[in-house]
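Okay, work_38.cif now, which holds mmCIF, C-alpha atoms and all ligand atoms:
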data_entry
#
loop_
_atom_site.label_atom_id
_atom_site.label_comp_id
_atom_site.auth_asym_id
_atom_site.auth_seq_id
_atom_site.Cartn_x
_atom_site.Cartn_y
_atom_site.Cartn_z
CA MET A 1 19.80 4.25 -19.46
CA ILE A 2 17.90 4.23 -16.15
CA GLY A 3 20.96 5.66 -14.42
CA LYS A 4 21.09 8.53 -16.94
CA LEU A 5 17.37 9.17 -16.52
CA ARG A 6 17.74 9.26 -12.73
CA ALA A 7 20.71 11.61 -12.96
CA TRP A 8 18.74 13.91 -15.28
CA ALA A 9 15.73 13.92 -12.93
CA ARG A 10 17.96 14.45 -9.89
CA ARG A 11 19.12 17.74 -11.35
CA HIS A 12 15.52 18.91 -10.87
CA THR A 13 14.61 17.17 -7.63
CA GLU A 14 17.77 18.40 -5.92
CA GLN A 15 16.44 21.88 -6.54
CA ASP A 16 13.16 20.95 -4.84
CA ARG A 17 11.28 20.63 -8.12
CA TYR A 18 9.48 17.76 -9.75
CA SER A 19 11.12 16.70 -13.03
CA PRO A 20 9.49 17.99 -16.25
CA VAL A 21 8.10 14.47 -16.80
CA GLY A 22 6.54 14.46 -13.32
CA ILE A 23 5.13 17.95 -13.93
CA ALA A 24 3.67 16.92 -17.31
CA PHE A 25 2.04 13.83 -15.75
CA HIS A 26 0.59 15.97 -12.95
CA TRP A 27 -1.02 18.69 -15.05
CA VAL A 28 -2.22 16.50 -17.93
CA MET A 29 -3.86 14.07 -15.51
CA ALA A 30 -5.23 16.85 -13.27
CA PHE A 31 -6.87 18.39 -16.33
CA LEU A 32 -8.31 15.05 -17.52
CA VAL A 33 -9.67 14.14 -14.07
CA LEU A 34 -11.30 17.55 -13.59
CA PHE A 35 -12.81 17.30 -17.06
CA GLN A 36 -14.16 13.82 -16.23
CA LEU A 37 -15.75 15.04 -13.01
CA GLY A 38 -17.53 17.89 -14.79
CA TRP A 39 -18.47 15.92 -17.89
CA GLY A 40 -19.64 12.83 -15.95
CA TRP A 41 -21.76 14.99 -13.66
CA TRP A 42 -23.31 16.89 -16.61
CA THR A 43 -23.98 13.66 -18.52
CA GLY A 44 -25.99 12.35 -15.59
CA PHE A 45 -28.56 15.12 -16.22
CA LEU A 46 -29.13 14.24 -19.91
CA HIS A 47 -32.27 12.34 -20.84
CA PRO A 48 -31.66 8.73 -21.89
CA GLY A 49 -31.07 8.55 -25.63
CA GLY A 50 -28.50 9.07 -28.35
CA ASP A 51 -27.01 12.26 -26.89
CA LYS A 52 -26.50 10.67 -23.49
CA LEU A 53 -24.87 7.58 -25.02
CA GLN A 54 -22.58 9.79 -27.11
CA ALA A 55 -21.67 11.82 -24.02
CA TYR A 56 -20.77 8.61 -22.12
CA GLN A 57 -18.72 7.50 -25.13
CA ILE A 58 -16.70 10.73 -24.82
CA HIS A 59 -16.50 10.13 -21.04
CA ALA A 60 -15.05 6.65 -21.66
CA ALA A 61 -12.70 7.86 -24.41
CA VAL A 62 -11.21 10.50 -22.08
CA GLY A 63 -11.26 8.23 -19.00
CA LEU A 64 -9.39 5.25 -20.45
CA PRO A 65 -6.19 7.26 -21.17
CA ILE A 66 -6.14 8.08 -17.44
CA LEU A 67 -5.63 4.35 -16.78
CA VAL A 68 -2.77 4.15 -19.30
CA LEU A 69 -1.18 7.35 -17.99
CA ALA A 70 -1.51 6.04 -14.41
CA LEU A 71 0.61 2.99 -15.31
CA GLY A 72 3.31 5.25 -16.79
CA ARG A 73 3.09 7.63 -13.85
CA VAL A 74 3.50 4.90 -11.22
CA ALA A 75 6.49 3.48 -13.12
CA TRP A 76 8.01 6.97 -13.31
CA ARG A 77 7.31 7.67 -9.63
CA LEU A 78 8.92 4.38 -8.55
CA LEU A 79 11.97 5.22 -10.66
CA ILE A 80 12.24 8.88 -9.72
CA PRO A 81 11.48 9.93 -6.13
CA GLY A 82 9.73 13.29 -5.71
CA PRO A 83 11.61 16.28 -4.31
CA VAL A 84 11.90 17.01 -0.62
CA ASN A 85 10.30 20.44 -0.30
CA ASP A 86 9.68 22.99 2.46
CA ALA A 87 6.49 21.20 3.51
CA ASP A 88 8.21 17.82 4.11
CA LYS A 89 8.72 18.32 7.81
CA GLY A 90 6.96 15.19 9.02
CA GLY A 91 3.92 15.55 11.25
CA TRP A 92 0.28 15.24 10.39
CA GLN A 93 0.33 17.68 7.45
CA THR A 94 2.97 15.68 5.60
CA GLN A 95 1.12 12.45 6.38
CA ALA A 96 -2.14 13.98 5.13
CA ALA A 97 -0.44 15.11 1.90
CA TYR A 98 0.99 11.61 1.29
CA LEU A 99 -2.36 10.00 2.06
CA THR A 100 -4.05 12.37 -0.42
CA HIS A 101 -1.50 11.47 -3.10
CA TYR A 102 -2.00 7.72 -2.53
CA LEU A 103 -5.77 8.12 -2.72
CA PHE A 104 -5.40 10.08 -5.97
CA TYR A 105 -3.38 7.21 -7.39
CA LEU A 106 -6.08 4.79 -6.25
CA CYS A 107 -8.68 6.89 -8.14
CA PHE A 108 -6.50 6.99 -11.29
CA PHE A 109 -6.79 3.19 -11.48
CA ALA A 110 -10.08 2.32 -9.85
CA LEU A 111 -12.26 4.93 -11.61
CA PRO A 112 -11.38 3.91 -15.19
CA LEU A 113 -11.43 0.22 -14.20
CA SER A 114 -14.87 0.44 -12.61
CA GLY A 115 -16.06 2.46 -15.64
CA TRP A 116 -14.71 -0.23 -17.95
CA VAL A 117 -16.47 -2.93 -15.90
CA MET A 118 -19.77 -0.98 -16.05
CA TRP A 119 -19.43 -0.55 -19.78
CA SER A 120 -18.73 -4.27 -20.25
CA SER A 121 -21.59 -5.49 -18.13
CA VAL A 122 -24.45 -3.76 -19.93
CA ALA A 123 -25.78 -4.98 -23.25
CA GLU A 124 -24.08 -3.35 -26.24
CA PRO A 125 -23.63 0.27 -25.16
CA GLY A 126 -21.35 0.68 -28.21
CA PRO A 127 -17.64 0.14 -28.83
CA LEU A 128 -14.94 1.61 -26.61
CA TYR A 129 -12.03 3.66 -27.93
CA LEU A 130 -8.96 4.86 -26.10
CA ALA A 131 -8.87 8.63 -26.62
CA GLY A 132 -11.61 8.09 -29.24
CA VAL A 133 -9.08 6.47 -31.63
CA VAL A 134 -7.59 3.15 -30.53
CA PRO A 135 -10.15 0.32 -30.22
CA TRP A 136 -10.42 -0.92 -26.62
CA PRO A 137 -11.92 -4.37 -25.85
CA ARG A 138 -14.90 -4.98 -23.62
CA LEU A 139 -14.31 -7.33 -20.68
CA PRO A 140 -15.52 -10.89 -21.45
CA PHE A 141 -18.82 -10.80 -19.55
CA GLU A 142 -21.11 -11.94 -22.43
CA GLU A 143 -21.19 -15.56 -21.30
CA LEU A 144 -22.12 -14.70 -17.70
CA PRO A 145 -25.74 -15.11 -16.51
CA LEU A 146 -27.71 -11.87 -16.75
CA ALA A 147 -28.29 -11.68 -12.98
CA MET A 148 -24.55 -11.87 -12.36
CA ARG A 149 -23.90 -9.12 -14.91
CA TRP A 150 -26.40 -6.90 -13.14
CA SER A 151 -24.68 -7.55 -9.79
CA ILE A 152 -21.28 -6.73 -11.31
CA LEU A 153 -22.76 -3.54 -12.76
CA ASP A 154 -24.18 -2.62 -9.34
CA VAL A 155 -20.87 -3.07 -7.52
CA ALA A 156 -18.86 -1.24 -10.21
CA GLU A 157 -21.37 1.63 -10.20
CA ASP A 158 -21.14 1.91 -6.40
CA ILE A 159 -17.33 1.95 -6.56
CA HIS A 160 -17.44 4.62 -9.31
CA HIS A 161 -19.82 6.79 -7.27
CA VAL A 162 -17.85 6.47 -4.01
CA LEU A 163 -14.58 7.36 -5.77
CA VAL A 164 -16.21 10.35 -7.45
CA LEU A 165 -17.30 11.54 -3.99
CA LEU A 166 -13.80 10.89 -2.66
CA LEU A 167 -12.31 13.02 -5.46
CA MET A 168 -14.74 15.80 -4.64
CA VAL A 169 -13.28 15.90 -1.13
CA LEU A 170 -9.64 15.34 -2.14
CA VAL A 171 -9.40 17.89 -4.96
CA PRO A 172 -10.49 20.99 -2.96
CA ALA A 173 -8.39 19.84 0.03
CA HIS A 174 -5.34 19.31 -2.20
CA VAL A 175 -5.72 22.55 -4.14
CA GLY A 176 -6.48 24.48 -0.94
CA ALA A 177 -3.41 23.02 0.80
CA SER A 178 -1.09 23.82 -2.10
CA LEU A 179 -2.38 27.42 -2.28
CA LYS A 180 -2.03 27.74 1.51
CA HIS A 181 1.59 26.52 1.33
CA HIS A 182 2.29 28.97 -1.48
CA PHE A 183 0.59 32.16 -0.34
CA TRP A 184 0.39 31.73 3.43
CA ASP A 185 3.48 29.73 4.44
CA ARG A 186 5.55 30.95 1.47
CA HIS A 187 6.77 27.37 0.91
CA ASP A 188 8.26 26.18 -2.38
CA VAL A 189 5.72 23.34 -2.81
CA LEU A 190 3.65 24.79 -5.66
CA ARG A 191 6.68 26.26 -7.38
CA GLY A 192 8.14 22.74 -7.55
CA MET A 193 5.11 21.55 -9.51
CA LEU A 194 5.10 24.43 -12.01
CA PRO A 195 7.11 24.47 -15.24
CA GLU A 196 10.38 26.29 -14.86
CA VAL A 197 10.33 29.64 -16.59
CA PRO A 198 13.77 30.73 -17.76
CA ASP A 199 14.66 34.20 -16.67
CA GLU A 200 16.05 35.91 -19.75
CA ALA A 201 17.36 38.79 -17.72
CA ASP A 202 19.33 36.55 -15.40
CA PRO A 203 19.98 33.14 -16.98
CA ARG A 204 22.71 32.18 -14.49
CA GLU A 205 20.25 32.17 -11.64
CA ALA A 206 17.22 30.96 -13.55
CA SER A 207 17.10 27.40 -12.26
CA GLN A 208 18.69 27.94 -8.88
CA HIS A 209 16.48 27.72 -5.85
CA ARG A 210 18.12 30.22 -3.53
CA PRO A 211 17.64 33.87 -2.86
CA ARG A 212 19.18 36.01 -5.52
CA GLU A 213 22.17 38.14 -4.78
CA PRO A 214 21.27 41.79 -5.14
CA ARG A 215 22.33 43.11 -8.51
CA PRO A 216 25.08 45.70 -8.51
CA LEU A 217 23.74 49.20 -8.77
CA GLU A 218 23.95 50.57 -12.29
CA GLU A 219 26.32 53.37 -12.71
C1 LIG B 1 -10.71 9.15 -13.71
C2 LIG B 1 -11.63 8.80 -14.59
C3 LIG B 1 -13.11 9.00 -14.38
C4 LIG B 1 -13.78 9.93 -13.63
C5 LIG B 1 -13.22 11.05 -12.75
C6 LIG B 1 -15.20 9.67 -13.80
C7 LIG B 1 -16.22 10.42 -13.24
C8 LIG B 1 -17.56 10.16 -13.40
C9 LIG B 1 -18.64 10.98 -12.88
C10 LIG B 1 -18.45 12.30 -12.12
C11 LIG B 1 -19.80 10.37 -13.18
C12 LIG B 1 -21.24 10.88 -12.84
C13 LIG B 1 -21.55 10.66 -11.41
C14 LIG B 1 -21.65 9.22 -11.08
O1 LIG B 1 -22.43 8.51 -11.71
O2 LIG B 1 -20.94 8.79 -10.16
C15 LIG B 1 -19.49 9.15 -13.90
C16 LIG B 1 -20.41 8.24 -14.36
C17 LIG B 1 -20.11 7.22 -15.22
N1 LIG B 1 -18.86 6.88 -15.71
FE1 LIG B 1 -17.12 7.72 -15.16
N2 LIG B 1 -15.35 8.58 -14.66
C18 LIG B 1 -14.10 8.17 -15.03
C19 LIG B 1 -13.80 7.14 -15.92
C20 LIG B 1 -14.74 6.40 -16.61
C21 LIG B 1 -14.45 5.44 -17.64
C22 LIG B 1 -13.06 5.11 -18.21
C23 LIG B 1 -15.64 4.89 -18.04
C24 LIG B 1 -15.94 3.84 -19.10
C25 LIG B 1 -15.09 3.11 -19.72
C26 LIG B 1 -16.67 5.51 -17.22
C27 LIG B 1 -18.02 5.21 -17.29
C28 LIG B 1 -19.01 5.81 -16.58
C29 LIG B 1 -20.40 5.42 -16.63
C30 LIG B 1 -21.00 4.27 -17.46
C31 LIG B 1 -21.10 6.28 -15.77
C32 LIG B 1 -22.61 6.28 -15.44
C33 LIG B 1 -22.79 5.60 -14.11
C34 LIG B 1 -24.21 5.58 -13.67
O3 LIG B 1 -24.92 4.67 -14.09
O4 LIG B 1 -24.60 6.46 -12.91
N3 LIG B 1 -16.09 6.43 -16.37
N4 LIG B 1 -18.12 9.05 -14.02
C1 LIG B 2 -5.16 23.75 -9.52
C2 LIG B 2 -5.04 22.51 -9.17
C3 LIG B 2 -3.83 21.85 -8.53
C4 LIG B 2 -2.74 22.38 -7.90
C5 LIG B 2 -2.44 23.84 -7.64
C6 LIG B 2 -1.89 21.27 -7.51
C7 LIG B 2 -0.68 21.37 -6.86
C8 LIG B 2 0.15 20.32 -6.51
C9 LIG B 2 1.42 20.46 -5.84
C10 LIG B 2 2.03 21.76 -5.40
C11 LIG B 2 1.92 19.20 -5.64
C12 LIG B 2 3.24 18.85 -4.95
C13 LIG B 2 2.92 18.44 -3.54
C14 LIG B 2 4.11 17.89 -2.77
O1 LIG B 2 5.11 17.48 -3.35
O2 LIG B 2 4.01 17.85 -1.53
C15 LIG B 2 0.98 18.27 -6.19
C16 LIG B 2 1.16 16.91 -6.18
C17 LIG B 2 0.21 16.03 -6.63
N1 LIG B 2 -1.02 16.35 -7.17
FE1 LIG B 2 -1.74 18.21 -7.52
N2 LIG B 2 -2.50 20.09 -7.87
C18 LIG B 2 -3.68 20.40 -8.50
C19 LIG B 2 -4.60 19.52 -9.01
C20 LIG B 2 -4.50 18.17 -8.87
C21 LIG B 2 -5.52 17.23 -9.27
C22 LIG B 2 -6.88 17.61 -9.88
C23 LIG B 2 -5.03 15.99 -9.02
C24 LIG B 2 -5.67 14.65 -9.23
C25 LIG B 2 -6.59 14.42 -10.01
C26 LIG B 2 -3.71 16.12 -8.45
C27 LIG B 2 -2.91 15.07 -8.06
C28 LIG B 2 -1.66 15.18 -7.49
C29 LIG B 2 -0.82 14.05 -7.13
C30 LIG B 2 -1.16 12.57 -7.30
C31 LIG B 2 0.36 14.58 -6.60
C32 LIG B 2 1.56 13.79 -6.08
C33 LIG B 2 2.61 13.81 -7.16
C34 LIG B 2 3.59 12.70 -6.96
O3 LIG B 2 4.40 12.81 -6.05
O4 LIG B 2 3.52 11.74 -7.71
N3 LIG B 2 -3.42 17.46 -8.37
N4 LIG B 2 -0.10 18.97 -6.71
#
Rewrite the structure of this file - the entire thing - as C-alpha cells.
Amino acid sequence: MIGKLRAWARRHTEQDRYSPVGIAFHWVMAFLVLFQLGWGWWTGFLHPGGDKLQAYQIHAAVGLPILVLALGRVAWRLLIPGPVNDADKGGWQTQAAYLTHYLFYLCFFALPLSGWVMWSSVAEPGPLYLAGVVPWPRLPFEELPLAMRWSILDVAEDIHHVLVLLLMVLVPAHVGASLKHHFWDRHDVLRGMLPEVPDEADPREASQHRPREPRPLEE
C-alpha cells in the first residue's frame, strides 16, 4: 500500500512537482492560516461581549482543523519527499527556504496548541468544536489553582502572539521568494506547487516538464 502510494507520488515529484495531496495540503492550510491571521487580528478590535466571544469561537473552530491537518501533513511529508526543483542548489537561499518551511510547520502545531491551552485556562469561555461540528475537549485545568491557570494563560498567550508575529514575517518572505523564483529567475518552484492543468490541445505533453518541441507547420 505504502509502496504504491510512493510510486504514485514519485510520478509527480520526478517531474519536479509536489503530489496532488501535497498541493492540496499546501493551499488548504495556506488559506486557513491566512484567514486565521486576518480574523484573529480583527477580533482583537471587537469590544468584549457576545460578538467577540462568538468571533473567537469561529477562530477556534477554524484553528483546530489546522492542528489535525498538520498531523496528516507531517505524516505525508515523511512518507513522500518533496520534489527537487530548480531552486534546490544548496547555498543560503535553499537553507532559508527549508528554515521557513520548518518554522511554518512549527506554527501549524504551536499556534492551535497555544490557542487550545488559552481556551482551557479561562473560566467557561464556551465549548470548543472542531470545524464548528465535532466536539473538542478542554484541557483538564479545572482542578489547578487559579493563580497557576493565570500563569499558564499568560505563557500560552505570549507564545500565540510571538508565533503570530513570526508568521507575519514568514508569509511575505515566503510569498515574495516564490514570486521572485517564478517571475525573476524563471524557476519551476511555483509551478510545482500549482495544480496541473491538462492541456487539451496537446495531451501528450501536458504533464511533461521539458520544453515543447515546436509543432509542425500546418499545411
Ligand atoms: C494557525 C492557527 C491560528 C492562528 C494563525 C491564530 C492567529 C491569531 C491572531 C492573529 C490573533 C490576534 C492577535 C494576537 O492576540 O496574537 C489570535 C488571538 C487568539 N487566538 Fe488564535 N490563532 C490560531 C489558532 C487558534 C486556536 C485553535 C485557538 C483556540 C482553540 C485560538 C485562540 C485564540 C485566542 C483565545 C486569542 C486571543 C488572545 C488574546 O488574549 O489576545 N487561536 N490568534
Ligand atoms: C500566495 C501564497 C503562497 C505561495 C505563492 C506559495 C508558494 C509555495 C511554493 C512555490 C512552495 C514550494 C517551495 C519549494 O519546494 O522550495 C511552497 C512550499 C511551502 N509553503 Fe507556500 N505559498 C504560499 C502561501 C503559503 C502560506 C500562507 C503558508 C503557511 C501558512 C505556506 C507554507 C508552505 C510550506 C510549509 C511549504 C513547504 C511544503 C513542504 O515541502 O511540505 N505557503 N509554497
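Of the residues under consideration (A:Gly22, A:Pro140, A:Pro125, A:Gly90), A:Gly22 shows the shortest atom-to-atom contact distance to ligand LIG 2 (chain B) when counting all atoms listed in the file.
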List as JSON, numbers by chain the protein and nucleic acid residues lying within 9 Å of ligand LIG 2 (chain B), with all atoms listed in the file counted.
{"A": [16, 17, 18, 22, 23, 25, 26, 27, 29, 30, 31, 32, 33, 34, 73, 74, 76, 77, 81, 82, 83, 84, 85, 86, 87, 88, 94, 97, 98, 100, 101, 102, 103, 104, 105, 107, 108, 167, 170, 171, 172, 174, 175, 176, 177, 178, 179, 181, 182, 188, 189, 190, 191, 192, 193, 194]}
Nearest to ligand LIG 1 (chain B), chosen from A:Val133, A:Val122, A:Ile2, A:Ala75, with only C-alpha atoms and all ligand atoms counted in the distances
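Residue with the minimum atom-to-atom distance to ligand LIG 1 (chain B): A:Val122.
Of the listed residues (A:Ala123, A:Ala147, A:Leu130, A:Val164), A:Val164 comes nearest to ligand LIG 1 (chain B); the distances count all atoms listed in the file.
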Can you tell me which residues come within 8 Å of ligand LIG 1 (chain B) when counting all atoms listed in the file, ideally as number ranges by chain?
A: 32-44, 56-57, 59-67, 107-119, 128, 157-158, 160-165, 167
Can those selected residues be exported to a file as a PDB file, in the coordinates of the input so that it contains C-alpha atoms?
ATOM      1  CA  LEU A  32      -8.310  15.050 -17.520  1.00  0.00           C
ATOM      2  CA  VAL A  33      -9.670  14.140 -14.070  1.00  0.00           C
ATOM      3  CA  LEU A  34     -11.300  17.550 -13.590  1.00  0.00           C
ATOM      4  CA  PHE A  35     -12.810  17.300 -17.060  1.00  0.00           C
ATOM      5  CA  GLN A  36     -14.160  13.820 -16.230  1.00  0.00           C
ATOM      6  CA  LEU A  37     -15.750  15.040 -13.010  1.00  0.00           C
ATOM      7  CA  GLY A  38     -17.530  17.890 -14.790  1.00  0.00           C
ATOM      8  CA  TRP A  39     -18.470  15.920 -17.890  1.00  0.00           C
ATOM      9  CA  GLY A  40     -19.640  12.830 -15.950  1.00  0.00           C
ATOM     10  CA  TRP A  41     -21.760  14.990 -13.660  1.00  0.00           C
ATOM     11  CA  TRP A  42     -23.310  16.890 -16.610  1.00  0.00           C
ATOM     12  CA  THR A  43     -23.980  13.660 -18.520  1.00  0.00           C
ATOM     13  CA  GLY A  44     -25.990  12.350 -15.590  1.00  0.00           C
ATOM     14  CA  TYR A  56     -20.770   8.610 -22.120  1.00  0.00           C
ATOM     15  CA  GLN A  57     -18.720   7.500 -25.130  1.00  0.00           C
ATOM     16  CA  HIS A  59     -16.500  10.130 -21.040  1.00  0.00           C
ATOM     17  CA  ALA A  60     -15.050   6.650 -21.660  1.00  0.00           C
ATOM     18  CA  ALA A  61     -12.700   7.860 -24.410  1.00  0.00           C
ATOM     19  CA  VAL A  62     -11.210  10.500 -22.080  1.00  0.00           C
ATOM     20  CA  GLY A  63     -11.260   8.230 -19.000  1.00  0.00           C
ATOM     21  CA  LEU A  64      -9.390   5.250 -20.450  1.00  0.00           C
ATOM     22  CA  PRO A  65      -6.190   7.260 -21.170  1.00  0.00           C
ATOM     23  CA  ILE A  66      -6.140   8.080 -17.440  1.00  0.00           C
ATOM     24  CA  LEU A  67      -5.630   4.350 -16.780  1.00  0.00           C
ATOM     25  CA  CYS A 107      -8.680   6.890  -8.140  1.00  0.00           C
ATOM     26  CA  PHE A 108      -6.500   6.990 -11.290  1.00  0.00           C
ATOM     27  CA  PHE A 109      -6.790   3.190 -11.480  1.00  0.00           C
ATOM     28  CA  ALA A 110     -10.080   2.320  -9.850  1.00  0.00           C
ATOM     29  CA  LEU A 111     -12.260   4.930 -11.610  1.00  0.00           C
ATOM     30  CA  PRO A 112     -11.380   3.910 -15.190  1.00  0.00           C
ATOM     31  CA  LEU A 113     -11.430   0.220 -14.200  1.00  0.00           C
ATOM     32  CA  SER A 114     -14.870   0.440 -12.610  1.00  0.00           C
ATOM     33  CA  GLY A 115     -16.060   2.460 -15.640  1.00  0.00           C
ATOM     34  CA  TRP A 116     -14.710  -0.230 -17.950  1.00  0.00           C
ATOM     35  CA  VAL A 117     -16.470  -2.930 -15.900  1.00  0.00           C
ATOM     36  CA  MET A 118     -19.770  -0.980 -16.050  1.00  0.00           C
ATOM     37  CA  TRP A 119     -19.430  -0.550 -19.780  1.00  0.00           C
ATOM     38  CA  LEU A 128     -14.940   1.610 -26.610  1.00  0.00           C
ATOM     39  CA  GLU A 157     -21.370   1.630 -10.200  1.00  0.00           C
ATOM     40  CA  ASP A 158     -21.140   1.910  -6.400  1.00  0.00           C
ATOM     41  CA  HIS A 160     -17.440   4.620  -9.310  1.00  0.00           C
ATOM     42  CA  HIS A 161     -19.820   6.790  -7.270  1.00  0.00           C
ATOM     43  CA  VAL A 162     -17.850   6.470  -4.010  1.00  0.00           C
ATOM     44  CA  LEU A 163     -14.580   7.360  -5.770  1.00  0.00           C
ATOM     45  CA  VAL A 164     -16.210  10.350  -7.450  1.00  0.00           C
ATOM     46  CA  LEU A 165     -17.300  11.540  -3.990  1.00  0.00           C
ATOM     47  CA  LEU A 167     -12.310  13.020  -5.460  1.00  0.00           C
TER      48      LEU A 167
END
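Between CA of Ser151 (chain A) and CA of Leu53 (chain A) the separation is 21.5 Å.
Minimum atom-to-atom distances from A:Gly126, A:Pro145, A:Pro195, A:Gly132 to Ala24 (chain A) were compared using only C-alpha atoms, and the lowest value belongs to A:Pro195.
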With distances taken over only C-alpha atoms, which residue among A:Ala173, A:Leu144, A:Val134, A:Leu106 lies nearest Ile159 (chain A)?
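The closest residue to Ile159 (chain A) is A:Leu106.
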Please measure the separation of CA of Leu69 (chain A) and CA of Ala7 (chain A), giving the value in Å to one decimal.
22.9 Å
So what do you get for CA of Trp92 (chain A) versus CA of His187 (chain A), distance-wise?
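The value is 16.7 Å.
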Which one of A:Glu14, A:Leu79, A:Ala9, A:Ser120 sits closest to Pro137 (chain A) if you count all atoms listed in the file?
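Under the stated criterion, the closest residue is A:Ser120.
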Could you work out an axis-aligned bounding box for all listed atoms of region 131-141 of chain A, with 3 Å added on each of the six sides, and give its centre and edge lengths in Å to one decimal, as lines of an AutoDock Vina configuration file?
center_x = -13.2
center_y = -1.1
center_z = -25.6
size_x = 17.2
size_y = 25.5
size_z = 18.1
Kindly reconstruct region 61-73 of chain A with N, CA and C atoms and present the result as an mmCIF file, in the frame of the given file.
data_model
loop_
_atom_site.group_PDB
_atom_site.id
_atom_site.type_symbol
_atom_site.label_atom_id
_atom_site.label_comp_id
_atom_site.auth_asym_id
_atom_site.auth_seq_id
_atom_site.Cartn_x
_atom_site.Cartn_y
_atom_site.Cartn_z
ATOM 1 N N ALA A 61 -13.886 7.612 -23.569
ATOM 2 C CA ALA A 61 -12.700 7.860 -24.410
ATOM 3 C C ALA A 61 -11.666 8.713 -23.678
ATOM 4 N N VAL A 62 -12.133 9.634 -22.840
ATOM 5 C CA VAL A 62 -11.210 10.500 -22.080
ATOM 6 C C VAL A 62 -10.737 9.774 -20.809
ATOM 7 N N GLY A 63 -11.587 8.907 -20.263
ATOM 8 C CA GLY A 63 -11.260 8.230 -19.000
ATOM 9 C C GLY A 63 -10.240 7.116 -19.156
ATOM 10 N N LEU A 64 -10.318 6.381 -20.290
ATOM 11 C CA LEU A 64 -9.390 5.250 -20.450
ATOM 12 C C LEU A 64 -7.923 5.699 -20.526
ATOM 13 N N PRO A 65 -7.599 6.825 -21.197
ATOM 14 C CA PRO A 65 -6.190 7.260 -21.170
ATOM 15 C C PRO A 65 -5.671 7.519 -19.755
ATOM 16 N N ILE A 66 -6.584 7.845 -18.817
ATOM 17 C CA ILE A 66 -6.140 8.080 -17.440
ATOM 18 C C ILE A 66 -5.533 6.779 -16.871
ATOM 19 N N LEU A 67 -6.147 5.637 -17.242
ATOM 20 C CA LEU A 67 -5.630 4.350 -16.780
ATOM 21 C C LEU A 67 -4.225 4.087 -17.356
ATOM 22 N N VAL A 68 -4.071 4.379 -18.652
ATOM 23 C CA VAL A 68 -2.770 4.150 -19.300
ATOM 24 C C VAL A 68 -1.719 5.096 -18.716
ATOM 25 N N LEU A 69 -2.115 6.375 -18.557
ATOM 26 C CA LEU A 69 -1.180 7.350 -17.990
ATOM 27 C C LEU A 69 -0.802 6.968 -16.551
ATOM 28 N N ALA A 70 -1.780 6.412 -15.807
ATOM 29 C CA ALA A 70 -1.510 6.040 -14.410
ATOM 30 C C ALA A 70 -0.412 4.980 -14.348
ATOM 31 N N LEU A 71 -0.432 4.025 -15.306
ATOM 32 C CA LEU A 71 0.610 2.990 -15.310
ATOM 33 C C LEU A 71 1.983 3.635 -15.530
ATOM 34 N N GLY A 72 2.049 4.557 -16.510
ATOM 35 C CA GLY A 72 3.310 5.250 -16.790
ATOM 36 C C GLY A 72 3.738 6.095 -15.598
ATOM 37 N N ARG A 73 2.753 6.725 -14.945
ATOM 38 C CA ARG A 73 3.090 7.630 -13.850
ATOM 39 C C ARG A 73 3.632 6.860 -12.643
#
